[in-house]
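The block underneath contains the structure these notes are about, expressed in structure tokens.
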Amino acid sequence: MSHQIISTRFDKPGNHTLSGYLANGGYRTLPKVFGMKSEDVIEEVKKSGLRGRGGAGFPTGMKWSFVPRVSDKPKYLCVNADEGEPGTFKDRLILQHDPHALIEGIITCCFAVGIHTAYVYIRGEYDFPIARFSAAVKEAYAEGYLGKNIKGSGFDLDVVVHKGAGAYICGEETGLIESLEGKKGQPRPKPPFPAVVGVFGCPTVVNNVETLAALPWILENGAAAYAAIGTEKSKGTMLFSISGMVEKPGVYESEFGVNLWEFIERSTGGVKDGKQLKAVIPGGSSSAILTAEEARNVKLDYESIAAAGSMVGSGAIMVLDEDTCVVKALEVVLRFYAHESCGQCPPCREGTYWMYEIVSRIRAGRGRPEDIDLLLSICPDMMGRTVCVLADSAAIPAGSYIKKFRSEFEAYIDKANPPQRKLQPGGVNLEARPL
Amino acid sequence: MSHAHRAVLSTGKPFAFTPENEAKFMELLPRYPSKRAVVLPALWLAQDQEGHLTVESMEYVARRLEQPPVSVFAVVEFYTMFKTEPVGKHHLQLCRTLSCTMRGCEDLQGVIERKLGIGPGESTADGKFSFETVECLGSCGTAPMMRMNNRYWEDLSVEKLERIIDACRDGRDPASEDFSR
Ligand SMILES: Cc1cc2nc3c(=O)[nH]c(=O)nc-3n(C[C@H](O)[C@H](O)[C@H](O)COP(=O)(O)O)c2cc1C
Ligand code: SF4
Ligand code: FES
């Protein structure tokens, strides 16, 4: 049993145009949505069990219900298309191949919550997705799917494409809001939550691209049909971006509840070049690493992955083969977080920097025996103490890579035991090259 | 964000939007409830017009949007895609994050250093090429990859990157060539 909901139209030629989308059954749910009471749309999404696909997995219908029904200020939707979590590359496919499904989802959300302006914040490097999505918005306006009185419904909605400018932290919802307001993308303390005080001081929904793109199917087929797929707490399907040392990396959709490794193997053909599996990072670079054994024995759903000590996150699965050096992997991950910390919280700014420095020093053969425990002692000081969870996102991989692969770290420090020095199967000696 | 303070160049000449960009700018204003929210879109227009931002263009954006110039400078400094110095005609942005590292991006950096003689943050003397390493570009399924000339170059190999650079160097458009072999 393999369910496809989000990706069914990805490979249909011409689907990115309005006529192509209509031919593929697009915009069919709008009359139904406009015929419902807005609170019933929220109820339907609640019943579907849909959870946010941007990383935090928050129930979507519940998030919408936190927005005041009556507000003397306008309300806004911010569509999070910043797609920055390393390993994640699925929203790009929606923007490129199914942009009208996103627009249909945006209309549904805005109608339900009483929103008349949606900003779609797309990362600045996404030239082609921005062009594709902007063209779709233009066509939707021209054909009356956006703008005033959409298809005679009396409902008005404007969609504005807003281009980011290169900063991972603008994917964090309040960083995105600050950035949209024309400032540095530095996250805000919560509460107040965006549902109450969001962009321009107004109630705001922030949702990920994939979350919104799931809505047309849910409204068309009903919440019960969606909730029938998956597990008790993980309903429906999700797009998984699988990368690293597998034969066929790519975006693959699956219902929740399948065996993690069997899913990876079935969709990608397994580890590249017949190598052995070393580890799997299941939910983006901020998730805890799973050993090969753990990956083979865990189900792919929110509750099972959490029970295994990691998270589903943004569905970014990265596969490490036997030749991949875990120390090097951690160095690269920490370099990312040190580079992307917005700098306003000392534990994050200093913690990410020092952890990166220490792991680099270990890998360069200048590590001291006490460095490993030093790293482990920094981690708790970075958890739950900062404005956003970027600090935690660096501490979690650091702690888990070290605890599960401690001997690899020790090998770099113990001069008597020369470490395994290559990262990729090419057999290149990476030690010789400065980063 | 980049923590390093940046060099900001002055042209000594006043800046103004071209008529085309002026029209785009005027279209932007009603889409946002505050002028400040137009800072990023307006900076994009200014940068696209001249290739990089200058003291004059940043002050111009600040003036048009009634913002203090320092707030515009601070924004420019925060975002890696805003450039305050010229970049090459071909600006190579090589991804260096985990999936690209596993699939060999460090070998590609070697190609760039060898063929063009430039490291991260540098440009060739003729101004044709510049190079920077960047963090995950959301294309990990086709790693290793880079962004150049406003598009992605995916599933790179040493040979493929060499041929892309050769094409650019010879004034050919690599986008029109077949790199499937
Ligand atoms: C550091 C950081 C980066 C994030 N980056 C993204 C991102 O690129 N895209 C995204 O959709 N959510 C991202 N998120 C999650 C958002 O804060 C937010 O939870 C999400 O956009 C909500 O939408 P959803 O409920 O539909 O998932 C990030 C969170 C953090 C802490
Ligand atoms: S935790 Fe880090 S990224 Fe998040 S707000 Fe604080 S300094 Fe910025
Ligand atoms: S790691 Fe290079 S594109 Fe994601």
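Labels for the structure tokens follow display order: chains A, B, ..., residues from 1 in each chain, ligands from 1.
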Checklist line | Shell of 7 Å around stretch 192-205 of chain A, only C-alpha atoms, local chain residues under 2 positions omitted, as number ranges by chain | finding: A: 64, 66-67, 73-78, 177, 181, 190, 207
Item checked: Test item: residues no farther than 12 Å from ligand 3, counting only C-alpha atoms and all ligand atoms, as a count of residues only -> 60
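Running DSSP on the backbone and keeping only strand (DSSP E), the residues of stretch 30-172 of chain B that qualify are B:His90, B:His91, B:Leu92, B:Gln93, B:Leu94, B:Cys95, B:Glu122, B:Ser123, B:Phe129, B:Ser130, B:Phe131, B:Glu132, B:Thr133, B:Val134, B:Met146, B:Arg147, B:Met148, B:Arg151, B:Tyr152, B:Trp153.
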For the selection you just gave me, I'd like the residues written to a file as a CSV table (one decimal), in the first residue's frame, keeping N, CA, C and O atoms.
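Output contents, as saved in part.csv:
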```
chain,number,residue,atom,x,y,z
B,90,HIS,N,30.5,35.4,-13.9
B,90,HIS,CA,30.0,34.1,-13.5
B,90,HIS,C,30.3,34.0,-12.0
B,90,HIS,O,31.5,33.9,-11.7
B,91,HIS,N,29.3,34.0,-11.2
B,91,HIS,CA,29.6,33.9,-9.8
B,91,HIS,C,29.2,32.5,-9.3
B,91,HIS,O,28.0,32.1,-9.4
B,92,LEU,N,30.2,31.7,-9.0
B,92,LEU,CA,30.0,30.3,-8.6
B,92,LEU,C,29.7,30.2,-7.1
B,92,LEU,O,30.6,30.6,-6.3
B,93,GLN,N,28.6,29.7,-6.8
B,93,GLN,CA,28.2,29.5,-5.4
B,93,GLN,C,28.1,28.0,-5.1
B,93,GLN,O,27.1,27.3,-5.5
B,94,LEU,N,29.2,27.5,-4.6
B,94,LEU,CA,29.3,26.0,-4.4
B,94,LEU,C,28.7,25.6,-3.0
B,94,LEU,O,29.2,26.1,-2.0
B,95,CYS,N,27.8,24.7,-3.0
B,95,CYS,CA,27.2,24.2,-1.7
B,95,CYS,C,28.2,23.4,-1.0
B,95,CYS,O,28.8,22.5,-1.6
B,122,GLU,N,37.0,35.1,-3.5
B,122,GLU,CA,37.9,35.7,-4.5
B,122,GLU,C,37.3,35.8,-5.9
B,122,GLU,O,36.4,35.0,-6.2
B,123,SER,N,37.9,36.7,-6.7
B,123,SER,CA,37.5,36.8,-8.1
B,123,SER,C,38.8,36.7,-9.0
B,123,SER,O,39.9,37.1,-8.5
B,129,PHE,N,35.2,35.6,-13.3
B,129,PHE,CA,34.7,34.6,-12.4
B,129,PHE,C,34.9,35.1,-10.9
B,129,PHE,O,35.9,35.7,-10.6
B,130,SER,N,33.9,34.7,-10.1
B,130,SER,CA,34.1,34.9,-8.6
B,130,SER,C,33.5,33.6,-8.0
B,130,SER,O,32.7,32.9,-8.6
B,131,PHE,N,33.9,33.3,-6.8
B,131,PHE,CA,33.6,32.1,-6.2
B,131,PHE,C,33.3,32.3,-4.7
B,131,PHE,O,34.0,33.0,-4.0
B,132,GLU,N,32.3,31.6,-4.2
B,132,GLU,CA,32.0,31.6,-2.8
B,132,GLU,C,31.4,30.2,-2.4
B,132,GLU,O,30.8,29.6,-3.3
B,133,THR,N,31.7,29.7,-1.2
B,133,THR,CA,31.0,28.5,-0.8
B,133,THR,C,29.8,29.0,0.0
B,133,THR,O,29.8,30.0,0.6
B,134,VAL,N,28.7,28.2,-0.2
B,134,VAL,CA,27.5,28.6,0.5
B,134,VAL,C,26.9,27.4,1.2
B,134,VAL,O,27.4,26.3,1.0
B,146,MET,N,25.9,23.5,-7.5
B,146,MET,CA,26.2,24.9,-7.3
B,146,MET,C,25.2,25.8,-7.9
B,146,MET,O,24.4,25.3,-8.8
B,147,ARG,N,25.2,27.1,-7.6
B,147,ARG,CA,24.3,28.0,-8.3
B,147,ARG,C,25.3,29.0,-9.0
B,147,ARG,O,26.3,29.4,-8.5
B,148,MET,N,25.0,29.3,-10.3
B,148,MET,CA,25.8,30.2,-11.1
B,148,MET,C,24.8,30.8,-12.1
B,148,MET,O,24.0,30.1,-12.7
B,151,ARG,N,21.0,30.2,-11.9
B,151,ARG,CA,20.4,28.9,-12.0
B,151,ARG,C,21.2,27.9,-11.3
B,151,ARG,O,22.3,28.1,-10.8
B,152,TYR,N,20.6,26.7,-11.1
B,152,TYR,CA,21.3,25.6,-10.4
B,152,TYR,C,22.0,24.7,-11.4
B,152,TYR,O,21.5,24.5,-12.5
B,153,TRP,N,23.2,24.2,-11.0
B,153,TRP,CA,24.0,23.2,-11.8
B,153,TRP,C,24.1,22.0,-10.9
B,153,TRP,O,24.8,22.1,-9.9
```
Counting only C-alpha atoms and all ligand atoms, what are the residues, protein, DNA or RNA alike, that approach ligand 2 to within 10 Å? I want them as a compact mmCIF listing (two decimals) with C-alpha atoms, in the first residue's frame.
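Ended up saving to out-v5.txt:
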```txt
# COMPACT_ATOMS: atom_id res chain seq x y z
CA TYR A 168 18.64 30.26 7.06
CA ILE A 169 17.21 31.84 10.18
CA CYS A 170 14.46 33.49 8.11
CA GLU A 172 12.11 30.26 11.66
CA THR A 174 9.33 34.85 13.71
CA GLY A 175 12.62 35.39 11.85
CA GLY A 185 15.70 38.13 10.32
CA GLN A 186 16.28 37.82 14.05
CA PRO A 187 13.64 35.68 15.76
CA ARG A 188 11.33 37.20 18.38
CA PRO A 189 10.69 35.82 21.83
CA TYR A 337 24.83 26.31 12.54
CA ALA A 338 27.77 28.52 13.53
CA HIS A 339 27.43 30.30 10.20
CA GLU A 340 23.65 30.66 10.46
CA SER A 341 23.26 31.70 14.12
CA CYS A 342 21.71 35.16 14.07
CA GLY A 343 23.89 36.06 17.02
CA GLN A 344 21.42 37.58 19.46
CA CYS A 345 21.59 34.83 22.14
CA PRO A 346 25.02 34.22 23.71
CA PRO A 347 24.54 30.44 24.27
CA CYS A 348 23.81 30.03 20.57
CA ARG A 349 26.36 32.48 19.16
CA GLU A 350 29.19 31.23 21.38
CA GLY A 351 28.08 27.61 21.65
CA THR A 352 27.81 26.94 17.93
CA MET A 382 22.41 25.25 24.59
CA MET A 383 19.09 23.50 25.10
CA GLY A 384 15.92 25.43 25.85
CA ARG A 385 17.70 28.65 26.73
CA THR A 386 17.45 30.75 23.64
CA VAL A 387 14.97 32.83 21.66
CA CYS A 388 14.58 30.15 18.99
CA VAL A 389 15.62 26.51 18.77
CA LEU A 390 18.61 26.96 16.45
CA ALA A 391 20.90 26.46 19.43
CA ASP A 392 19.15 23.19 20.26
CA SER A 393 19.42 22.25 16.59
CA ALA A 394 23.20 22.31 16.87
CA MET B 1 24.16 35.63 8.39
```
Margin query: Could you check the closest approach to ligand 1 for each of A:Gly222, A:Pro369, A:Gly171, A:Gly49 and tell me which residue wins, using only C-alpha atoms and all ligand atoms?
Written below: A:Gly171
May I have a table of the residues of stretch 32-113 of chain A lying at most 8 Å from stretch 139-163 of chain A, giving each one's closest pair of atoms and their distance in Å to one decimal, counting only C-alpha atoms, ordered by chain and ascending residue number, as JSON lines?
```
{"residue": "A:Phe34", "atom": "CA", "partner": "A:Ser153", "partner_atom": "CA", "distance": 6.4}
{"residue": "A:His100", "atom": "CA", "partner": "A:Ala140", "partner_atom": "CA", "distance": 8.0}
{"residue": "A:Ile107", "atom": "CA", "partner": "A:Leu157", "partner_atom": "CA", "distance": 7.3}
{"residue": "A:Cys110", "atom": "CA", "partner": "A:Leu157", "partner_atom": "CA", "distance": 7.7}
{"residue": "A:Phe111", "atom": "CA", "partner": "A:Phe155", "partner_atom": "CA", "distance": 7.4}
```
Selection file, N, CA and C atoms, as an mmCIF file, in the first residue's frame:
```
data_model
loop_
_atom_site.group_PDB
_atom_site.id
_atom_site.type_symbol
_atom_site.label_atom_id
_atom_site.label_comp_id
_atom_site.auth_asym_id
_atom_site.auth_seq_id
_atom_site.Cartn_x
_atom_site.Cartn_y
_atom_site.Cartn_z
ATOM 1 N N PHE A 34 -15.916 27.344 -0.580
ATOM 2 C CA PHE A 34 -16.670 28.598 -0.485
ATOM 3 C C PHE A 34 -18.119 28.350 -0.040
ATOM 4 N N HIS A 100 -0.058 25.656 -8.537
ATOM 5 C CA HIS A 100 -1.474 25.987 -8.327
ATOM 6 C C HIS A 100 -2.076 25.208 -7.162
ATOM 7 N N ILE A 107 -5.678 29.625 -0.706
ATOM 8 C CA ILE A 107 -7.049 30.158 -0.718
ATOM 9 C C ILE A 107 -7.874 29.493 0.392
ATOM 10 N N CYS A 110 -6.807 30.796 3.852
ATOM 11 C CA CYS A 110 -7.202 32.187 4.043
ATOM 12 C C CYS A 110 -8.713 32.319 4.224
ATOM 13 N N PHE A 111 -9.463 31.540 3.465
ATOM 14 C CA PHE A 111 -10.922 31.562 3.621
ATOM 15 C C PHE A 111 -11.306 31.094 5.032
#
```
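The coordinates place atom CA of B:Asn150 at 18.4 Å from atom CA of B:Ile112.
Proximity ranking of A:Thr108, A:Thr211, A:Ser407, A:Ser377 relative to ligand 1 places A:Thr211 first, based on only C-alpha atoms and all ligand atoms.
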Note to self: Write out as an MDAnalysis selection string the set of residues from chain B that DSSP, computed on the backbone, places in helix (DSSP H, G or I).
What the structure shows: chainID B and resid 19:31 36:50 55:64 69:78 98:102 105:116 140:142 158:169 174:176
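For the set B:Thr124, B:Gln67, B:Gln109, B:Thr80, the residue with the smallest atom-to-atom gap to chain A is B:Thr80, counting only C-alpha atoms.
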